[in-house]
Amino acid sequence: MCTVVIDVADGAARLLAVRDEDPQRPWDDLGEWWPDSYPGVIGIRDRRAGGAWLALDPRGGRLAVLLNRADVVDLPEERALSRGSLALESVAGRPPGDGPLPMHGFNLLEVGRDGSRVLSWDGVALRETPVPRGVHMIAHDDLDDARTARIEEWLPRFAEIERELANAGAEPDAEWAERWIALLAESAHLSPEDDRAIIRDNNAHGYPTMSLLYCTAELSTESAEVRSHVLPTPGSWT
């Protein structure tokens, strides 16, 4: 039930990614956790499976974020491979192929200097959705999908604050993260169990996951960087 907001421009992108996971599942904050297999790559590591929720290759200018998606068909747990390798393989330039994937459903957001896209697997077909210029959101359904209550509620707000600056003739600036984090804080006035909430407690919806952290990232033709912010209390802004 993770959430990503992304603003795409020519040769650049910036994003805010909120991670929802079981608080009891061990993980590691941003670091170079894969020096042998993925040298130079930094990311948020899942200790249990060894993969990444978010990964960035600063030298190659590639970033990937993994979001869960519902399966169209049931896949027995004993046959399901971990999805944690997807983000790492993506920033290494090896996205998933077209064949059947023995994995549960996912949305894999791939961000690069040459553009951004979402690869969606539902257990039957792998689909590619280019992310056009402008502000967009993705969660457990499709890109900008109004069936997702938090997208319907907050995408217009994120887009509006950037549109107002553009209409005023403002150039891209370094304060975008502060604006987006302030709006994220405003969204946290909702109950974390509310369908519209971005900072979430998904137990009420049948999933043992809560918002644990958020990351801000920016890629341009010159640089690529990411910062993480761990929530002191899972599922709560405070």
# chains A, B, ... in the order shown; residues from 1 in each chain; ligands from 1
$ select_by_dssp --residues "segment 65-120 of chain A" --states "helix (DSSP H, G or I)" --output "VMD selection string"
chain A and resid 77 to 79 85 to 91
$ closest_atom_pairs --of "segment 57-113 of chain A" --to "segment 24-39 of chain A" --cutoff "9 Å" --atoms "only C-alpha atoms" --output "JSON lines"
{"residue": "A:Asp57", "atom": "CA", "partner": "A:Pro39", "partner_atom": "CA", "distance": 8.7}
{"residue": "A:Leu88", "atom": "CA", "partner": "A:Tyr38", "partner_atom": "CA", "distance": 7.4}
{"residue": "A:Glu89", "atom": "CA", "partner": "A:Tyr38", "partner_atom": "CA", "distance": 8.6}
{"residue": "A:Ala92", "atom": "CA", "partner": "A:Tyr38", "partner_atom": "CA", "distance": 7.3}
$ residues_around --residues "segment 191-203 of chain A" --least-positions-apart "3" --cutoff "7 Å" --atoms "only C-alpha atoms" --output "ChimeraX atom specification"
/A:3,149-150,153,187-188,206-211,235-236
$ write_last_selection --atoms "N, CA and C atoms" --output "PDB file, in the first residue's frame"
ATOM      1  N   THR A   3       2.992   4.562  -1.507  1.00  0.00           N
ATOM      2  CA  THR A   3       2.538   5.685  -2.316  1.00  0.00           C
ATOM      3  C   THR A   3       3.735   6.441  -2.856  1.00  0.00           C
ATOM      4  N   ALA A 149      -8.295   6.098  -3.341  1.00  0.00           N
ATOM      5  CA  ALA A 149      -8.850   7.299  -2.698  1.00  0.00           C
ATOM      6  C   ALA A 149      -7.797   8.346  -2.409  1.00  0.00           C
ATOM      7  N   ARG A 150      -6.595   7.932  -2.011  1.00  0.00           N
ATOM      8  CA  ARG A 150      -5.567   8.938  -1.679  1.00  0.00           C
ATOM      9  C   ARG A 150      -5.082   9.665  -2.924  1.00  0.00           C
ATOM     10  N   GLU A 153      -7.776  12.220  -3.760  1.00  0.00           N
ATOM     11  CA  GLU A 153      -7.779  13.309  -2.782  1.00  0.00           C
ATOM     12  C   GLU A 153      -6.577  14.229  -2.924  1.00  0.00           C
ATOM     13  N   SER A 187      -1.693  15.983   4.967  1.00  0.00           N
ATOM     14  CA  SER A 187      -2.477  14.770   4.710  1.00  0.00           C
ATOM     15  C   SER A 187      -2.571  13.899   5.950  1.00  0.00           C
ATOM     16  N   ALA A 188      -1.556  14.010   6.829  1.00  0.00           N
ATOM     17  CA  ALA A 188      -1.529  13.180   8.032  1.00  0.00           C
ATOM     18  C   ALA A 188      -2.532  13.638   9.078  1.00  0.00           C
ATOM     19  N   GLY A 206      -7.090  -5.114   6.366  1.00  0.00           N
ATOM     20  CA  GLY A 206      -6.707  -6.513   6.222  1.00  0.00           C
ATOM     21  C   GLY A 206      -5.253  -6.751   5.899  1.00  0.00           C
ATOM     22  N   TYR A 207      -4.408  -5.709   6.003  1.00  0.00           N
ATOM     23  CA  TYR A 207      -2.983  -5.865   5.711  1.00  0.00           C
ATOM     24  C   TYR A 207      -2.183  -5.428   6.936  1.00  0.00           C
ATOM     25  N   PRO A 208      -1.200  -6.217   7.393  1.00  0.00           N
ATOM     26  CA  PRO A 208      -0.455  -5.889   8.614  1.00  0.00           C
ATOM     27  C   PRO A 208       0.680  -4.902   8.345  1.00  0.00           C
ATOM     28  N   THR A 209       0.391  -3.839   7.606  1.00  0.00           N
ATOM     29  CA  THR A 209       1.430  -2.891   7.218  1.00  0.00           C
ATOM     30  C   THR A 209       1.076  -1.485   7.674  1.00  0.00           C
ATOM     31  N   MET A 210       2.128  -0.695   7.901  1.00  0.00           N
ATOM     32  CA  MET A 210       1.970   0.695   8.317  1.00  0.00           C
ATOM     33  C   MET A 210       3.059   1.515   7.632  1.00  0.00           C
ATOM     34  N   SER A 211       2.822   2.820   7.503  1.00  0.00           N
ATOM     35  CA  SER A 211       3.844   3.691   6.929  1.00  0.00           C
ATOM     36  C   SER A 211       5.032   3.768   7.888  1.00  0.00           C
ATOM     37  N   GLY A 235       3.029   4.519  11.113  1.00  0.00           N
ATOM     38  CA  GLY A 235       1.660   4.904  10.850  1.00  0.00           C
ATOM     39  C   GLY A 235       1.249   6.226  11.426  1.00  0.00           C
ATOM     40  N   SER A 236       2.224   6.996  11.927  1.00  0.00           N
ATOM     41  CA  SER A 236       1.899   8.274  12.563  1.00  0.00           C
ATOM     42  C   SER A 236       2.919   9.325  12.166  1.00  0.00           C
TER      43      SER A 236
END
$ residues_around --residues "Trp176 of chain A" --least-positions-apart "5" --cutoff "9 Å" --atoms "only C-alpha atoms" --output "PyMOL selection string"
chain A and resi 14+162+181
$ closest_residue --among "A:Arg133, A:Arg59, A:Arg179, A:Arg147" --to "Glu160 of chain A" --atoms "only C-alpha atoms"
A:Arg179
$ select_by_dssp --residues "segment 44-223 of chain A" --states "strand (DSSP E or B)" --output "ChimeraX atom specification"
/A:44-46,52-57,62-68,106-112,115-121,126-130,134-138,201,210-219
$ write_last_selection --atoms "N, CA and C atoms" --output "compact mmCIF listing (two decimals), in the first residue's frame"
# COMPACT_ATOMS: atom_id res chain seq x y z
N ILE A 44 16.97 1.21 0.37
CA ILE A 44 16.34 0.73 1.58
C ILE A 44 16.28 -0.79 1.48
N ARG A 45 16.95 -1.49 2.39
CA ARG A 45 17.08 -2.95 2.26
C ARG A 45 16.10 -3.69 3.17
N ASP A 46 15.49 -4.72 2.59
CA ASP A 46 14.71 -5.69 3.35
C ASP A 46 15.67 -6.79 3.81
N ALA A 52 15.48 -4.79 -2.15
CA ALA A 52 15.31 -3.36 -1.90
C ALA A 52 13.89 -2.94 -2.20
N TRP A 53 13.39 -2.02 -1.37
CA TRP A 53 12.13 -1.33 -1.68
C TRP A 53 12.40 -0.19 -2.65
N LEU A 54 13.43 0.57 -2.39
CA LEU A 54 13.86 1.67 -3.26
C LEU A 54 15.35 1.51 -3.49
N ALA A 55 15.80 1.73 -4.72
CA ALA A 55 17.22 1.63 -5.06
C ALA A 55 17.59 2.77 -6.00
N LEU A 56 18.82 3.26 -5.83
CA LEU A 56 19.33 4.35 -6.67
C LEU A 56 20.77 4.05 -7.06
N ASP A 57 21.05 4.15 -8.36
CA ASP A 57 22.42 4.12 -8.86
C ASP A 57 22.80 5.55 -9.22
N ARG A 62 19.83 6.17 -12.35
CA ARG A 62 18.63 5.34 -12.37
C ARG A 62 18.11 5.15 -10.96
N LEU A 63 16.79 5.22 -10.82
CA LEU A 63 16.13 4.98 -9.53
C LEU A 63 14.92 4.10 -9.77
N ALA A 64 14.61 3.23 -8.81
CA ALA A 64 13.43 2.37 -8.92
C ALA A 64 12.78 2.22 -7.55
N VAL A 65 11.45 2.17 -7.55
CA VAL A 65 10.67 1.98 -6.32
C VAL A 65 9.67 0.86 -6.58
N LEU A 66 9.55 -0.04 -5.60
CA LEU A 66 8.66 -1.19 -5.73
C LEU A 66 7.40 -0.98 -4.89
N LEU A 67 6.24 -1.12 -5.52
CA LEU A 67 4.95 -1.03 -4.84
C LEU A 67 4.17 -2.31 -5.10
N ASN A 68 3.52 -2.84 -4.07
CA ASN A 68 2.72 -4.05 -4.23
C ASN A 68 1.45 -3.76 -5.00
N PHE A 106 2.90 -6.41 -8.70
CA PHE A 106 3.69 -5.24 -8.33
C PHE A 106 3.52 -4.12 -9.34
N ASN A 107 3.81 -2.91 -8.88
CA ASN A 107 4.09 -1.77 -9.74
C ASN A 107 5.54 -1.39 -9.50
N LEU A 108 6.34 -1.41 -10.54
CA LEU A 108 7.74 -1.02 -10.44
C LEU A 108 7.91 0.31 -11.15
N LEU A 109 8.16 1.35 -10.37
CA LEU A 109 8.40 2.68 -10.94
C LEU A 109 9.88 2.81 -11.27
N GLU A 110 10.18 3.03 -12.53
CA GLU A 110 11.55 3.21 -13.00
C GLU A 110 11.74 4.66 -13.43
N VAL A 111 12.76 5.29 -12.87
CA VAL A 111 13.03 6.70 -13.14
C VAL A 111 14.45 6.83 -13.66
N GLY A 112 14.60 7.50 -14.80
CA GLY A 112 15.93 7.73 -15.37
C GLY A 112 16.00 9.08 -16.05
N GLY A 115 13.73 9.35 -19.05
CA GLY A 115 12.29 9.21 -18.89
C GLY A 115 11.93 8.31 -17.73
N SER A 116 10.63 8.19 -17.49
CA SER A 116 10.13 7.37 -16.38
C SER A 116 8.98 6.50 -16.88
N ARG A 117 8.80 5.36 -16.22
CA ARG A 117 7.71 4.46 -16.59
C ARG A 117 7.34 3.61 -15.39
N VAL A 118 6.14 3.00 -15.48
CA VAL A 118 5.67 2.04 -14.48
C VAL A 118 5.50 0.69 -15.17
N LEU A 119 6.14 -0.33 -14.62
CA LEU A 119 5.93 -1.70 -15.07
C LEU A 119 4.99 -2.38 -14.08
N SER A 120 3.85 -2.86 -14.57
CA SER A 120 2.82 -3.43 -13.71
C SER A 120 2.62 -4.90 -14.03
N TRP A 121 2.71 -5.73 -12.99
CA TRP A 121 2.49 -7.17 -13.12
C TRP A 121 1.32 -7.56 -12.23
N LEU A 126 2.43 -8.36 -18.00
CA LEU A 126 3.29 -7.26 -17.61
C LEU A 126 3.01 -6.10 -18.55
N ARG A 127 2.59 -4.97 -17.97
CA ARG A 127 2.24 -3.79 -18.77
C ARG A 127 3.21 -2.65 -18.48
N GLU A 128 3.46 -1.84 -19.49
CA GLU A 128 4.31 -0.67 -19.35
C GLU A 128 3.47 0.60 -19.53
N THR A 129 3.61 1.53 -18.59
CA THR A 129 2.91 2.81 -18.66
C THR A 129 3.93 3.92 -18.57
N PRO A 130 4.18 4.66 -19.66
CA PRO A 130 5.09 5.80 -19.56
C PRO A 130 4.52 6.85 -18.62
N GLY A 134 4.94 16.31 -15.88
CA GLY A 134 3.99 16.79 -14.89
C GLY A 134 3.99 15.95 -13.64
N VAL A 135 3.02 16.23 -12.77
CA VAL A 135 2.92 15.61 -11.46
C VAL A 135 1.95 14.43 -11.52
N HIS A 136 2.35 13.30 -10.96
CA HIS A 136 1.55 12.07 -11.00
C HIS A 136 1.68 11.34 -9.66
N MET A 137 0.75 10.37 -9.44
CA MET A 137 0.80 9.52 -8.25
C MET A 137 0.57 8.07 -8.65
N ILE A 138 1.18 7.18 -7.88
CA ILE A 138 1.01 5.74 -8.09
C ILE A 138 0.94 5.07 -6.72
N ASP A 201 -2.15 3.24 8.31
CA ASP A 201 -2.21 2.00 9.08
C ASP A 201 -3.18 1.10 8.34
N MET A 210 2.13 -0.69 7.90
CA MET A 210 1.97 0.70 8.32
C MET A 210 3.06 1.51 7.63
N SER A 211 2.82 2.82 7.50
CA SER A 211 3.84 3.69 6.93
C SER A 211 5.03 3.77 7.89
N LEU A 212 6.23 3.47 7.36
CA LEU A 212 7.43 3.43 8.18
C LEU A 212 8.37 4.60 7.91
N LEU A 213 8.40 5.08 6.68
CA LEU A 213 9.34 6.13 6.31
C LEU A 213 8.91 6.76 4.99
N TYR A 214 9.52 7.88 4.68
CA TYR A 214 9.35 8.45 3.35
C TYR A 214 10.70 8.91 2.83
N CYS A 215 10.85 8.89 1.52
CA CYS A 215 12.08 9.33 0.86
C CYS A 215 11.76 10.44 -0.13
N THR A 216 12.67 11.38 -0.26
CA THR A 216 12.62 12.36 -1.33
C THR A 216 13.83 12.12 -2.22
N ALA A 217 13.64 12.19 -3.53
CA ALA A 217 14.71 11.91 -4.47
C ALA A 217 14.62 12.87 -5.64
N GLU A 218 15.78 13.18 -6.20
CA GLU A 218 15.83 14.07 -7.36
C GLU A 218 16.90 13.58 -8.32
N LEU A 219 16.54 13.49 -9.60
CA LEU A 219 17.46 13.12 -10.67
C LEU A 219 17.49 14.23 -11.69
$ atom_distance --atom1 "atom CA of Arg83 of chain A" --atom2 "atom CA of Gly97 of chain A"
13.6 Å
$ residues_around --residues "Val73 of chain A" --least-positions-apart "5" --cutoff "9 Å" --atoms "only C-alpha atoms" --output "PyMOL selection string"
chain A and resi 122-124
$ closest_residue --among "A:Gly105, A:Gly93, A:Pro132, A:Asn167" --to "Ala80 of chain A" --atoms "only C-alpha atoms"
A:Gly105
